[in-house]
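Shown next: input_37.tsv, containing TSV, C-alpha atoms.
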```tsv
chain	number	residue	atom	x	y	z
A	5	MET	CA	-59.76	31.07	-9.13
A	6	SER	CA	-63.54	30.93	-9.54
A	7	ARG	CA	-63.50	27.98	-7.09
A	8	GLN	CA	-60.96	29.44	-4.66
A	9	ILE	CA	-62.68	32.79	-4.01
A	10	PRO	CA	-66.05	31.31	-2.85
A	11	LEU	CA	-64.16	28.85	-0.66
A	12	TRP	CA	-62.20	31.64	1.02
A	13	VAL	CA	-65.34	33.75	1.42
A	14	CYS	CA	-67.10	30.76	3.01
A	15	PHE	CA	-64.11	30.08	5.27
A	16	GLY	CA	-63.82	33.75	6.35
A	17	PHE	CA	-67.49	34.19	7.14
A	18	GLY	CA	-67.76	30.74	8.72
A	19	VAL	CA	-64.88	31.40	11.10
A	20	PHE	CA	-66.20	34.89	11.85
A	21	MET	CA	-69.71	33.64	12.68
A	22	LEU	CA	-68.20	30.94	14.89
A	23	ALA	CA	-65.93	33.41	16.68
A	24	GLN	CA	-68.59	36.08	17.21
A	25	PHE	CA	-70.70	33.58	19.17
A	26	PHE	CA	-67.96	33.22	21.78
A	27	VAL	CA	-66.44	36.75	21.70
A	28	PRO	CA	-68.75	39.44	23.11
A	29	HIS	CA	-66.55	42.31	21.80
A	30	PRO	CA	-68.54	45.27	20.31
A	31	LEU	CA	-66.60	44.92	17.04
A	32	PHE	CA	-67.82	41.34	16.64
A	33	LEU	CA	-71.39	42.32	17.57
A	34	LYS	CA	-71.36	45.09	14.95
A	35	GLY	CA	-69.89	42.72	12.39
A	36	TYR	CA	-72.57	40.14	13.18
A	37	GLN	CA	-75.30	42.76	12.75
A	38	ASN	CA	-73.79	43.78	9.40
A	39	VAL	CA	-73.73	40.17	8.20
A	40	LEU	CA	-77.43	39.82	9.14
A	41	ASP	CA	-78.20	42.99	7.14
A	42	TRP	CA	-76.27	41.67	4.13
A	43	MET	CA	-78.17	38.43	4.34
A	44	GLN	CA	-81.46	40.34	4.17
A	45	ILE	CA	-80.25	42.24	1.09
A	46	ILE	CA	-79.01	39.08	-0.65
A	47	TYR	CA	-82.28	37.36	0.23
A	48	VAL	CA	-84.36	40.10	-1.40
A	49	PHE	CA	-82.37	39.73	-4.63
A	50	ALA	CA	-82.71	35.93	-4.45
A	51	LEU	CA	-86.47	36.38	-4.02
A	52	LEU	CA	-86.54	38.55	-7.14
A	53	ILE	CA	-84.71	35.84	-9.07
A	54	GLY	CA	-87.18	33.29	-7.66
A	55	ALA	CA	-90.19	35.38	-8.72
A	56	LEU	CA	-88.69	35.88	-12.18
A	57	SER	CA	-88.01	32.15	-12.54
A	58	PHE	CA	-91.60	31.46	-11.39
A	59	LEU	CA	-92.96	33.88	-14.00
A	60	LEU	CA	-90.84	32.52	-16.87
A	61	LEU	CA	-91.54	28.89	-16.01
A	62	HIS	CA	-95.32	29.33	-15.99
A	63	LEU	CA	-95.31	31.57	-19.07
A	64	GLU	CA	-93.37	28.93	-20.98
A	65	LYS	CA	-95.72	26.14	-19.94
A	66	ILE	CA	-98.78	28.20	-20.89
A	67	SER	CA	-97.35	29.31	-24.25
A	68	LYS	CA	-96.46	25.69	-25.13
A	69	LYS	CA	-99.81	24.46	-23.78
A	70	GLN	CA	-97.99	21.77	-21.80
A	71	LYS	CA	-99.81	19.21	-19.66
A	72	GLY	CA	-101.63	20.97	-16.82
A	73	TRP	CA	-101.18	24.45	-18.32
A	74	ALA	CA	-104.48	25.55	-16.79
A	75	TYR	CA	-102.92	25.22	-13.32
A	76	ASN	CA	-100.02	27.34	-14.49
A	77	SER	CA	-102.48	30.02	-15.62
A	78	VAL	CA	-104.11	30.05	-12.17
A	79	ALA	CA	-100.70	30.47	-10.50
A	80	LEU	CA	-99.71	33.23	-12.88
A	81	VAL	CA	-103.02	35.11	-12.62
A	82	GLY	CA	-102.77	34.88	-8.83
A	83	LEU	CA	-99.28	36.36	-8.87
A	84	ILE	CA	-100.25	39.19	-11.24
A	85	ILE	CA	-103.40	40.09	-9.28
A	86	MET	CA	-101.57	40.18	-5.94
A	87	VAL	CA	-98.68	42.25	-7.32
A	88	PHE	CA	-101.12	44.63	-9.03
A	89	PHE	CA	-103.25	45.24	-5.94
A	90	GLY	CA	-100.19	45.36	-3.70
A	91	PHE	CA	-98.60	48.18	-5.69
A	92	TYR	CA	-101.81	49.95	-6.71
A	93	LYS	CA	-103.78	50.00	-3.44
A	94	GLY	CA	-101.19	48.98	-0.84
A	95	ILE	CA	-101.37	46.20	1.73
A	96	GLN	CA	-102.99	48.05	4.63
A	97	LYS	CA	-106.23	47.05	6.37
A	98	GLY	CA	-109.22	47.27	4.03
A	99	SER	CA	-107.10	46.99	0.89
A	100	PRO	CA	-108.05	44.48	-1.88
A	101	PHE	CA	-104.66	42.78	-1.34
A	102	LEU	CA	-105.44	42.02	2.30
A	103	TRP	CA	-109.02	41.05	1.45
A	104	ILE	CA	-107.81	38.46	-1.08
A	105	PHE	CA	-105.20	37.25	1.39
A	106	ASP	CA	-107.69	36.87	4.26
A	107	ASN	CA	-110.54	35.42	2.21
A	108	LEU	CA	-108.72	33.23	-0.29
A	109	GLN	CA	-105.19	32.40	0.75
A	110	VAL	CA	-105.78	31.90	4.49
A	111	PRO	CA	-108.81	29.55	4.00
A	112	MET	CA	-106.90	27.59	1.34
A	113	GLN	CA	-103.94	27.21	3.68
A	114	SER	CA	-106.23	26.15	6.51
A	115	THR	CA	-107.79	23.57	4.20
A	116	MET	CA	-104.37	22.09	3.43
A	117	PHE	CA	-103.49	22.07	7.11
A	118	SER	CA	-106.74	20.36	8.05
A	119	LEU	CA	-105.93	17.52	5.65
A	120	LEU	CA	-103.23	16.62	8.16
A	121	ALA	CA	-105.85	15.13	10.50
A	122	PHE	CA	-106.90	12.58	7.85
A	123	PHE	CA	-103.32	11.81	6.93
A	124	VAL	CA	-102.45	11.27	10.62
A	125	ALA	CA	-105.30	8.73	10.80
A	126	SER	CA	-104.17	6.80	7.72
A	127	ALA	CA	-100.50	6.90	8.79
A	128	ALA	CA	-101.39	5.80	12.32
A	129	TYR	CA	-103.41	2.87	10.96
A	130	ARG	CA	-100.40	1.74	8.91
A	131	GLY	CA	-97.88	2.37	11.70
A	132	PHE	CA	-99.89	0.77	14.48
A	133	ARG	CA	-100.65	-2.54	12.77
A	134	ALA	CA	-99.40	-5.30	15.09
A	135	ARG	CA	-97.23	-7.17	12.54
A	136	ASN	CA	-94.39	-8.09	14.89
A	137	ILE	CA	-93.27	-7.59	18.49
A	138	GLN	CA	-91.88	-4.09	17.93
A	139	ALA	CA	-95.05	-2.96	16.13
A	140	THR	CA	-97.15	-4.44	18.94
A	141	ILE	CA	-95.13	-2.51	21.57
A	142	LEU	CA	-95.60	0.63	19.46
A	143	LEU	CA	-99.33	-0.05	19.25
A	144	ILE	CA	-99.67	-0.53	23.04
A	145	ALA	CA	-97.56	2.57	23.77
A	146	GLY	CA	-99.56	4.57	21.22
A	147	ILE	CA	-102.92	3.52	22.71
A	148	LEU	CA	-101.70	4.32	26.23
A	149	VAL	CA	-100.46	7.77	25.22
A	150	ILE	CA	-103.64	8.56	23.25
A	151	LEU	CA	-105.85	7.46	26.15
A	152	GLY	CA	-103.63	9.22	28.68
A	153	ARG	CA	-104.02	12.57	26.93
A	154	VAL	CA	-107.83	12.57	26.87
A	155	PRO	CA	-110.33	12.74	29.79
A	156	ILE	CA	-111.67	9.22	29.11
A	157	GLY	CA	-108.24	7.79	30.03
A	158	GLU	CA	-108.47	9.24	33.54
A	159	MET	CA	-112.05	7.94	33.81
A	160	LEU	CA	-110.99	4.40	32.84
A	161	HIS	CA	-108.08	4.21	35.28
A	162	SER	CA	-105.93	6.75	37.09
A	163	TYR	CA	-102.77	4.86	36.07
A	164	ILE	CA	-103.37	5.47	32.35
A	165	PRO	CA	-102.42	9.22	32.34
A	166	GLN	CA	-99.46	8.43	34.63
A	167	THR	CA	-98.25	5.68	32.29
A	168	ALA	CA	-98.66	8.01	29.29
A	169	THR	CA	-96.55	10.66	31.03
A	170	TRP	CA	-93.94	8.01	31.92
A	171	VAL	CA	-93.77	6.81	28.28
A	172	LEU	CA	-93.30	10.38	27.06
A	173	ASN	CA	-90.84	11.48	29.75
A	174	ILE	CA	-88.63	8.40	30.06
A	175	PRO	CA	-88.25	6.07	27.03
A	176	SER	CA	-89.47	8.56	24.43
A	177	MET	CA	-87.38	11.41	25.85
A	178	ALA	CA	-84.29	9.17	26.10
A	179	ALA	CA	-84.56	8.21	22.42
A	180	ARG	CA	-85.20	11.82	21.45
A	181	ARG	CA	-82.17	13.07	23.38
A	182	GLY	CA	-80.00	10.40	21.78
A	183	ILE	CA	-81.14	11.54	18.34
A	184	LEU	CA	-80.64	15.20	19.31
A	185	ILE	CA	-77.04	14.54	20.44
A	186	GLY	CA	-76.39	12.89	17.07
A	187	ILE	CA	-78.01	15.79	15.21
A	188	GLY	CA	-75.93	18.32	17.16
A	189	LEU	CA	-72.69	16.50	16.40
A	190	GLY	CA	-73.73	15.95	12.78
A	191	SER	CA	-74.53	19.66	12.34
A	192	ILE	CA	-71.16	20.65	13.82
A	193	ALA	CA	-69.26	18.15	11.64
A	194	THR	CA	-71.12	19.22	8.47
A	195	SER	CA	-70.59	22.92	9.25
A	196	LEU	CA	-66.87	22.32	9.83
A	197	ARG	CA	-66.58	20.34	6.60
A	198	ILE	CA	-68.18	23.23	4.70
A	199	ILE	CA	-66.14	25.94	6.47
A	200	VAL	CA	-62.78	24.26	5.81
A	201	GLY	CA	-63.79	23.37	2.25
A	202	ILE	CA	-63.91	19.56	2.52
A	203	GLU	CA	-67.57	19.53	1.55
A	204	ARG	CA	-68.04	21.75	-1.49
A	205	THR	CA	-71.06	20.29	-3.25
A	206	TYR	CA	-72.88	23.60	-2.78
A	207	LEU	CA	-70.43	25.09	-5.30
A	208	GLY	CA	-71.35	22.37	-7.76
A	209	LYS	CA	-68.10	20.47	-7.03
A	210	GLY	CA	-68.60	17.06	-5.45
B	25	MET	CA	-76.69	22.13	3.13
B	26	ALA	CA	-76.76	18.42	4.09
B	27	SER	CA	-79.52	17.80	1.55
B	28	MET	CA	-77.57	19.64	-1.16
B	29	ASN	CA	-74.61	17.34	-0.50
B	30	ILE	CA	-76.87	14.33	-1.09
B	31	LEU	CA	-78.44	15.98	-4.13
B	32	GLY	CA	-75.05	16.04	-5.88
B	33	SER	CA	-74.75	12.22	-5.71
B	34	VAL	CA	-78.43	11.64	-6.53
B	35	ALA	CA	-78.21	13.92	-9.58
B	36	GLU	CA	-75.16	11.98	-10.83
B	37	LYS	CA	-77.06	8.71	-10.66
B	38	ILE	CA	-80.10	10.26	-12.33
B	39	ALA	CA	-77.94	11.66	-15.13
B	40	GLU	CA	-76.49	8.17	-15.73
B	41	TYR	CA	-79.99	6.72	-16.15
B	42	ASN	CA	-81.23	9.75	-18.12
B	43	THR	CA	-84.25	10.14	-15.83
B	44	PRO	CA	-86.11	13.43	-15.22
B	45	LEU	CA	-85.32	15.11	-11.90
B	46	LEU	CA	-87.89	17.56	-10.50
B	47	ILE	CA	-86.96	19.86	-7.62
B	48	PRO	CA	-89.70	22.26	-6.51
B	49	ASN	CA	-88.13	24.67	-4.01
B	50	TYR	CA	-89.42	26.54	-1.01
B	51	ASP	CA	-86.48	28.95	-0.87
B	52	PRO	CA	-85.23	31.01	-3.84
B	53	MET	CA	-81.64	30.89	-2.55
B	54	VAL	CA	-81.76	27.11	-2.39
B	55	THR	CA	-83.17	27.06	-5.93
B	56	THR	CA	-80.02	28.73	-7.26
B	57	VAL	CA	-77.74	26.38	-5.31
B	58	ALA	CA	-79.74	23.30	-6.39
B	59	GLN	CA	-79.58	24.37	-10.05
B	60	GLU	CA	-75.79	24.72	-9.81
B	61	VAL	CA	-75.35	21.39	-7.98
B	62	VAL	CA	-77.48	19.45	-10.48
B	63	LYS	CA	-75.91	21.14	-13.49
B	64	GLU	CA	-72.40	20.24	-12.32
B	65	SER	CA	-73.44	16.65	-11.53
B	66	PHE	CA	-74.92	16.18	-14.99
B	67	THR	CA	-71.79	17.68	-16.57
B	68	ARG	CA	-69.49	15.49	-14.46
B	69	THR	CA	-71.24	12.32	-15.60
B	70	GLY	CA	-70.96	13.39	-19.24
B	71	HIS	CA	-74.63	14.23	-19.80
B	72	PRO	CA	-74.82	18.04	-19.75
B	73	GLU	CA	-77.50	17.97	-22.45
B	74	SER	CA	-79.90	16.14	-20.08
B	75	TYR	CA	-79.83	18.99	-17.55
B	76	LYS	CA	-83.08	20.96	-17.58
B	77	LYS	CA	-82.96	24.18	-15.60
B	78	GLU	CA	-86.75	24.52	-15.77
B	79	ASN	CA	-87.13	21.32	-13.67
B	80	ILE	CA	-85.55	23.03	-10.65
B	81	TYR	CA	-87.73	25.94	-9.76
B	82	PHE	CA	-88.98	28.15	-6.96
B	83	VAL	CA	-92.59	27.49	-5.93
B	84	THR	CA	-93.63	29.65	-2.98
B	85	GLN	CA	-92.63	30.63	0.53
B	86	SER	CA	-96.08	29.80	1.88
B	87	GLN	CA	-95.86	26.54	3.86
B	88	PHE	CA	-99.17	25.06	2.78
B	89	GLY	CA	-99.06	26.70	-0.63
B	90	TYR	CA	-95.85	24.75	-1.16
B	91	VAL	CA	-97.49	21.54	0.06
B	92	ALA	CA	-100.45	22.04	-2.29
B	93	ALA	CA	-98.10	22.63	-5.23
B	94	VAL	CA	-95.88	19.63	-4.51
B	95	ASP	CA	-98.85	17.34	-3.86
B	96	GLY	CA	-100.33	18.46	-7.20
B	97	ILE	CA	-97.03	17.75	-8.97
B	98	MET	CA	-96.87	14.29	-7.37
B	99	LEU	CA	-100.42	13.41	-8.41
B	100	ARG	CA	-99.95	14.67	-11.97
B	101	GLU	CA	-96.40	13.52	-12.68
B	102	ARG	CA	-96.51	10.28	-10.64
B	103	PRO	CA	-92.79	10.22	-9.77
B	104	ALA	CA	-91.16	6.83	-9.20
B	105	THR	CA	-89.17	8.09	-6.23
B	106	ASN	CA	-89.60	10.93	-3.76
B	107	LEU	CA	-86.76	12.25	-1.65
B	108	PHE	CA	-87.67	14.39	1.34
B	109	LEU	CA	-84.42	15.64	2.85
B	110	GLY	CA	-83.91	18.57	5.20
B	111	THR	CA	-85.86	20.36	7.89
B	112	PHE	CA	-89.61	19.77	7.88
B	113	GLU	CA	-92.58	20.90	9.89
B	114	ALA	CA	-96.31	20.08	9.62
B	115	GLU	CA	-95.99	19.58	5.86
B	116	SER	CA	-93.96	16.37	6.31
B	117	LEU	CA	-96.87	13.96	6.69
B	118	ILE	CA	-99.03	15.58	4.00
B	119	LEU	CA	-96.19	15.23	1.50
B	120	ALA	CA	-95.18	11.73	2.57
B	121	GLU	CA	-98.74	10.37	2.63
B	122	THR	CA	-99.50	11.79	-0.82
B	123	GLY	CA	-96.31	10.17	-2.11
B	124	ASN	CA	-97.32	6.92	-0.44
B	125	SER	CA	-100.77	7.05	-2.04
B	126	ILE	CA	-99.27	7.15	-5.56
B	127	GLY	CA	-97.02	4.20	-4.75
B	128	ALA	CA	-93.72	6.04	-5.08
B	129	LEU	CA	-90.59	4.72	-3.41
B	130	GLN	CA	-89.90	7.24	-0.67
B	131	ILE	CA	-86.66	8.17	1.07
B	132	ALA	CA	-86.79	10.75	3.83
B	133	GLY	CA	-84.24	12.29	6.13
B	134	THR	CA	-84.71	15.06	8.63
B	135	ASP	CA	-83.23	16.64	11.73
B	136	SER	CA	-86.73	17.55	12.99
B	137	THR	CA	-87.28	14.91	15.68
B	138	ILE	CA	-91.05	15.46	15.83
B	139	GLN	CA	-91.44	14.82	12.09
B	140	LEU	CA	-89.33	11.66	12.13
B	141	SER	CA	-92.21	9.47	13.29
B	142	PHE	CA	-94.35	10.66	10.38
B	143	PHE	CA	-91.65	9.88	7.86
B	144	ILE	CA	-90.99	6.47	9.41
B	145	VAL	CA	-94.61	5.36	8.94
B	146	ALA	CA	-95.11	6.91	5.50
B	147	CYS	CA	-91.73	6.35	3.80
B	148	ASP	CA	-89.82	3.25	2.75
B	149	TYR	CA	-86.47	4.45	4.12
B	150	THR	CA	-85.81	7.16	6.69
B	151	LEU	CA	-82.51	8.77	7.59
B	152	ILE	CA	-82.78	9.44	11.31
B	153	GLY	CA	-81.18	12.65	12.55
B	154	GLU	CA	-77.41	12.48	12.10
B	155	GLU	CA	-77.71	9.94	9.25
B	156	LEU	CA	-78.82	12.86	7.11
B	157	PHE	CA	-75.47	14.54	7.73
B	158	ALA	CA	-73.49	11.32	7.23
B	159	ALA	CA	-75.30	10.33	4.00
B	160	SER	CA	-73.12	12.44	1.71
B	161	GLY	CA	-70.01	10.64	3.01
B	162	TYR	CA	-71.69	7.28	2.50
B	163	LEU	CA	-72.62	8.18	-1.07
B	164	THR	CA	-69.37	9.85	-2.16
B	165	LYS	CA	-66.96	7.62	-0.16
B	166	ASP	CA	-64.76	10.70	0.14
B	167	PRO	CA	-62.08	9.79	2.75
B	168	LEU	CA	-62.07	13.31	4.21
B	169	VAL	CA	-65.84	13.26	4.75
B	170	LEU	CA	-65.72	9.69	6.08
B	171	GLY	CA	-62.94	10.74	8.48
B	172	SER	CA	-65.07	13.53	9.92
B	173	ILE	CA	-67.96	11.07	10.37
B	174	LYS	CA	-65.64	8.70	12.21
B	175	GLY	CA	-64.54	11.60	14.44
B	176	GLN	CA	-68.20	12.33	15.09
B	177	ASP	CA	-68.75	8.69	16.11
B	178	PHE	CA	-65.81	8.79	18.54
B	179	LEU	CA	-67.22	11.97	20.07
B	180	LYS	CA	-70.57	10.22	20.48
B	181	LEU	CA	-68.80	7.34	22.21
B	182	ILE	CA	-67.13	9.77	24.64
B	183	ILE	CA	-70.45	11.54	25.31
B	184	GLY	CA	-72.14	8.17	25.88
B	185	PHE	CA	-69.41	7.14	28.32
B	186	LEU	CA	-69.72	10.47	30.19
B	187	ILE	CA	-73.52	10.09	30.43
B	188	ILE	CA	-73.21	6.56	31.86
B	189	ALA	CA	-70.37	7.55	34.21
B	190	GLY	CA	-72.31	10.64	35.35
B	191	GLY	CA	-75.41	8.55	35.98
B	192	ILE	CA	-73.53	5.93	38.03
B	193	LEU	CA	-71.50	8.49	40.01
B	194	SER	CA	-74.51	10.67	40.85
B	195	THR	CA	-76.46	7.54	41.92
B	196	PHE	CA	-73.79	6.96	44.57
B	197	GLY	CA	-73.77	10.63	45.56
B	198	TYR	CA	-70.65	11.80	43.69
B	199	ASN	CA	-71.74	14.86	41.74
B	200	PHE	CA	-68.35	16.28	40.74
B	201	LEU	CA	-68.68	15.17	37.06
B	202	ILE	CA	-72.18	16.63	36.70
B	203	ASN	CA	-71.09	19.85	38.44
B	204	PHE	CA	-68.01	20.12	36.22
B	205	LEU	CA	-69.84	19.51	32.92
B	206	GLY	CA	-72.91	21.42	34.00
B	207	LYS	CA	-71.03	24.69	34.51
B	208	GLY	CA	-72.35	27.13	31.92
```
For this file, write the structure as structure tokens.
Amino acid sequence: MSRQIPLWVCFGFGVFMLAQFFVPHPLFLKGYQNVLDWMQIIYVFALLIGALSFLLLHLEKISKKQKGWAYNSVALVGLIIMVFFGFYKGIQKGSPFLWIFDNLQVPMQSTMFSLLAFFVASAAYRGFRARNIQATILLIAGILVILGRVPIGEMLHSYIPQTATWVLNIPSMAARRGILIGIGLGSIATSLRIIVGIERTYLGKG
Amino acid sequence: MASMNILGSVAEKIAEYNTPLLIPNYDPMVTTVAQEVVKESFTRTGHPESYKKENIYFVTQSQFGYVAAVDGIMLRERPATNLFLGTFEAESLILAETGNSIGALQIAGTDSTIQLSFFIVACDYTLIGEELFAASGYLTKDPLVLGSIKGQDFLKLIIGFLIIAGGILSTFGYNFLINFLGKG
């Protein structure tokens, strides 16, 4: 019974969400809106569980002085400070919460994002090494596209930007569309398997 | 959901070898599902005592906060294998390159076409697009799942045939197939 009920709930909601996409009846639209509202409510409770699990996990690691417990303390102190200022002073403009967010979290996030530039360089070096014919084609295509997207490419030869556009619009787009067709069909097949209960790993049953 | 299906099989194998499995999560809802999937897999293989709930936890909903946390875990714990499965955005390359730098065996799979190139250069094995959805069938060998994958392949064959036929017909000025299929 504990297995059957979630399967029926999944089937019911899956079929409903599928049907509402094709049936523009007000009843279906209202139902769809209700489902979205329920999702928000469930999500808030899931977030509470997540925050609680976060708190307990870090508290346990700190109390047992496990490896890297100092990092756990930083995470925990950050959470407590943000919750404290959020409830005590609010999150409006000029509040300590927003000040910490703007002056600590945003710069730290930007720092992580900026690391991407260095990782792109190291990944490109590895990917573009001309080890075989395919890698050499990739290298030539890569150089053409890079040159075609910057002013120096146009200065070198007018064909370079045109070739770069051709590479992006014809072979690259063809491969991408092929992958996208596969992804679309794969998503539909996986969704159907879940809706009809063939795939039930999400319930813990393989 | 596709990654959860793969997680079930991966967790079974990990339970057999009694190896630690760490799953830092971006989404609290997924955390709950992942805990349930791993717990059942460990129980099914006869090793329920090896299941550690504290190894499957929620990290943060901040994109780069999550990346920073996972990169830190990778550098401290030095995992032997990293699995990146699901939808990814700019974090894909940062995660994959950090994993590559510690020498971990890396398996990635995503339906984000833009991120695929990053995973291909930084990971040892990459599931391209639909392979992510088919992987659970490949791992479980469940005939029902394999049947649906075969149906998917036949549909792809039909779509491929229609694309080629449409291309040839429209080249010679017959646009009825394109007009018929293009009607929205």
Restricting the calculation to all atoms listed in the file, which member of B:Phe157, B:Phe112, B:Tyr75, B:Tyr81 is positioned closest to Phe143 in chain B?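 Checking each of B:Phe157, B:Phe112, B:Tyr75, B:Tyr81 against Phe143 in chain B, counting all atoms listed in the file, the winner is B:Phe112.
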Can you pull out every residue within 8 Å of range 113-129 of chain B, counting all atoms listed in the file, but drop anything in the same chain fewer than 4 positions away, and send it as a list in words?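 Counting only the stated atoms, we get Phe117, Leu119, Leu120, Phe123, Val124 and Ala127 of chain A; Gln87, Phe88, Val91, Val94, Asp95, Met98, Leu99, Arg102, Pro103, Ala104, Thr105, Asn106, Ser136, Gln139, Phe142, Phe143, Ala146, Cys147 and Asp148 of chain B.
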Measuring atom to atom with all atoms listed in the file, identify which of A:Arg197, A:Gly188, A:Phe89, A:Met116 is nearest to Trp103 in chain A.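 Closest candidate: A:Phe89.
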d(CA of Ile97 in chain B, CA of Trp73 in chain A) in Å: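 Computed distance, CA of Ile97 in chain B to CA of Trp73 in chain A, equals 12.2 Å.
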May I ask you to extract the residues of chain A within 7 Å of chain B, using all atoms listed in the file, and to give them as a short mmCIF file (atom, residue, chain, number, x, y, z; two decimals) with C-alpha atoms, keeping the file's coordinate frame?
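Once written, out37.cif looks like this:
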```
data_model
loop_
_atom_site.label_atom_id
_atom_site.label_comp_id
_atom_site.auth_asym_id
_atom_site.auth_seq_id
_atom_site.Cartn_x
_atom_site.Cartn_y
_atom_site.Cartn_z
CA ALA A 50 -82.71 35.93 -4.45
CA LEU A 51 -86.47 36.38 -4.02
CA GLY A 54 -87.18 33.29 -7.66
CA SER A 57 -88.01 32.15 -12.54
CA PHE A 58 -91.60 31.46 -11.39
CA LEU A 61 -91.54 28.89 -16.01
CA GLN A 113 -103.94 27.21 3.68
CA MET A 116 -104.37 22.09 3.43
CA PHE A 117 -103.49 22.07 7.11
CA LEU A 120 -103.23 16.62 8.16
CA PHE A 123 -103.32 11.81 6.93
CA ALA A 127 -100.50 6.90 8.79
CA ARG A 130 -100.40 1.74 8.91
CA GLY A 131 -97.88 2.37 11.70
CA ARG A 180 -85.20 11.82 21.45
CA ILE A 183 -81.14 11.54 18.34
CA GLY A 186 -76.39 12.89 17.07
CA ILE A 187 -78.01 15.79 15.21
CA LEU A 189 -72.69 16.50 16.40
CA GLY A 190 -73.73 15.95 12.78
CA SER A 191 -74.53 19.66 12.34
CA ALA A 193 -69.26 18.15 11.64
CA THR A 194 -71.12 19.22 8.47
CA ILE A 202 -63.91 19.56 2.52
CA THR A 205 -71.06 20.29 -3.25
CA TYR A 206 -72.88 23.60 -2.78
CA LEU A 207 -70.43 25.09 -5.30
CA GLY A 208 -71.35 22.37 -7.76
CA LYS A 209 -68.10 20.47 -7.03
CA GLY A 210 -68.60 17.06 -5.45
#
```
Nearest to Val200 in chain A, restricted to all atoms listed in the file and choosing among A:Leu31, A:Leu11, A:Val81, A:Ala74, comes out as A:Leu11
Do a neighbour search on Trp170 in chain A at 12 Å with all atoms listed in the file, toss out local chain neighbours closer than 5 positions, and write the hits as a PyMOL selection string. chain A and resi 145+148-149+152+163-165+175-178
One decimal, Å: what's the distance from CA of Leu63 in chain A over to CA of Leu46 in chain B, could you say? 18.0 Å
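For the atom pair formed by CA of Gly72 in chain A and CA of Phe101 in chain A, the distance is 26.9 Å, given to one decimal.
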Could you give me the centre and size, in Å to one decimal, of an axis-aligned box around all listed atoms of range 83-102 of chain A with 6 Å added on every side, as lines of an AutoDock Vina configuration file?
```
center_x = -103.9
center_y = 43.2
center_z = -2.4
size_x = 22.6
size_y = 25.6
size_z = 29.6
```
Keeping N, CA and C atoms (and nothing else), can you write range 38-51 of chain A of this structure as a PDB file, in the first residue's frame?
```pdb
ATOM      1  N   ASN A  38      -3.421  25.677  -9.136  1.00  0.00           N
ATOM      2  CA  ASN A  38      -3.418  25.087  -7.786  1.00  0.00           C
ATOM      3  C   ASN A  38      -2.199  24.196  -7.571  1.00  0.00           C
ATOM      4  N   VAL A  39      -1.885  23.395  -8.593  1.00  0.00           N
ATOM      5  CA  VAL A  39      -0.720  22.497  -8.479  1.00  0.00           C
ATOM      6  C   VAL A  39       0.557  23.319  -8.284  1.00  0.00           C
ATOM      7  N   LEU A  40       0.666  24.438  -9.025  1.00  0.00           N
ATOM      8  CA  LEU A  40       1.851  25.305  -8.873  1.00  0.00           C
ATOM      9  C   LEU A  40       1.934  25.862  -7.451  1.00  0.00           C
ATOM     10  N   ASP A  41       0.760  26.244  -6.898  1.00  0.00           N
ATOM     11  CA  ASP A  41       0.735  26.756  -5.514  1.00  0.00           C
ATOM     12  C   ASP A  41       1.161  25.670  -4.522  1.00  0.00           C
ATOM     13  N   TRP A  42       0.655  24.457  -4.733  1.00  0.00           N
ATOM     14  CA  TRP A  42       1.027  23.350  -3.833  1.00  0.00           C
ATOM     15  C   TRP A  42       2.524  23.091  -3.896  1.00  0.00           C
ATOM     16  N   MET A  43       3.046  23.186  -5.109  1.00  0.00           N
ATOM     17  CA  MET A  43       4.489  22.954  -5.267  1.00  0.00           C
ATOM     18  C   MET A  43       5.292  23.957  -4.448  1.00  0.00           C
ATOM     19  N   GLN A  44       4.828  25.218  -4.466  1.00  0.00           N
ATOM     20  CA  GLN A  44       5.518  26.262  -3.688  1.00  0.00           C
ATOM     21  C   GLN A  44       5.494  25.900  -2.203  1.00  0.00           C
ATOM     22  N   ILE A  45       4.297  25.458  -1.736  1.00  0.00           N
ATOM     23  CA  ILE A  45       4.150  25.135  -0.308  1.00  0.00           C
ATOM     24  C   ILE A  45       5.058  23.961   0.059  1.00  0.00           C
ATOM     25  N   ILE A  46       5.018  22.908  -0.770  1.00  0.00           N
ATOM     26  CA  ILE A  46       5.861  21.731  -0.507  1.00  0.00           C
ATOM     27  C   ILE A  46       7.334  22.135  -0.512  1.00  0.00           C
ATOM     28  N   TYR A  47       7.678  23.028  -1.442  1.00  0.00           N
ATOM     29  CA  TYR A  47       9.073  23.441  -1.572  1.00  0.00           C
ATOM     30  C   TYR A  47       9.553  24.167  -0.307  1.00  0.00           C
ATOM     31  N   VAL A  48       8.677  25.000   0.256  1.00  0.00           N
ATOM     32  CA  VAL A  48       9.066  25.734   1.473  1.00  0.00           C
ATOM     33  C   VAL A  48       9.354  24.750   2.600  1.00  0.00           C
ATOM     34  N   PHE A  49       8.503  23.714   2.722  1.00  0.00           N
ATOM     35  CA  PHE A  49       8.730  22.718   3.776  1.00  0.00           C
ATOM     36  C   PHE A  49      10.015  21.936   3.512  1.00  0.00           C
ATOM     37  N   ALA A  50      10.255  21.625   2.221  1.00  0.00           N
ATOM     38  CA  ALA A  50      11.488  20.898   1.868  1.00  0.00           C
ATOM     39  C   ALA A  50      12.714  21.744   2.208  1.00  0.00           C
ATOM     40  N   LEU A  51      12.585  23.067   1.987  1.00  0.00           N
ATOM     41  CA  LEU A  51      13.690  23.979   2.300  1.00  0.00           C
ATOM     42  C   LEU A  51      13.961  24.004   3.805  1.00  0.00           C
TER      43      LEU A  51
END
```
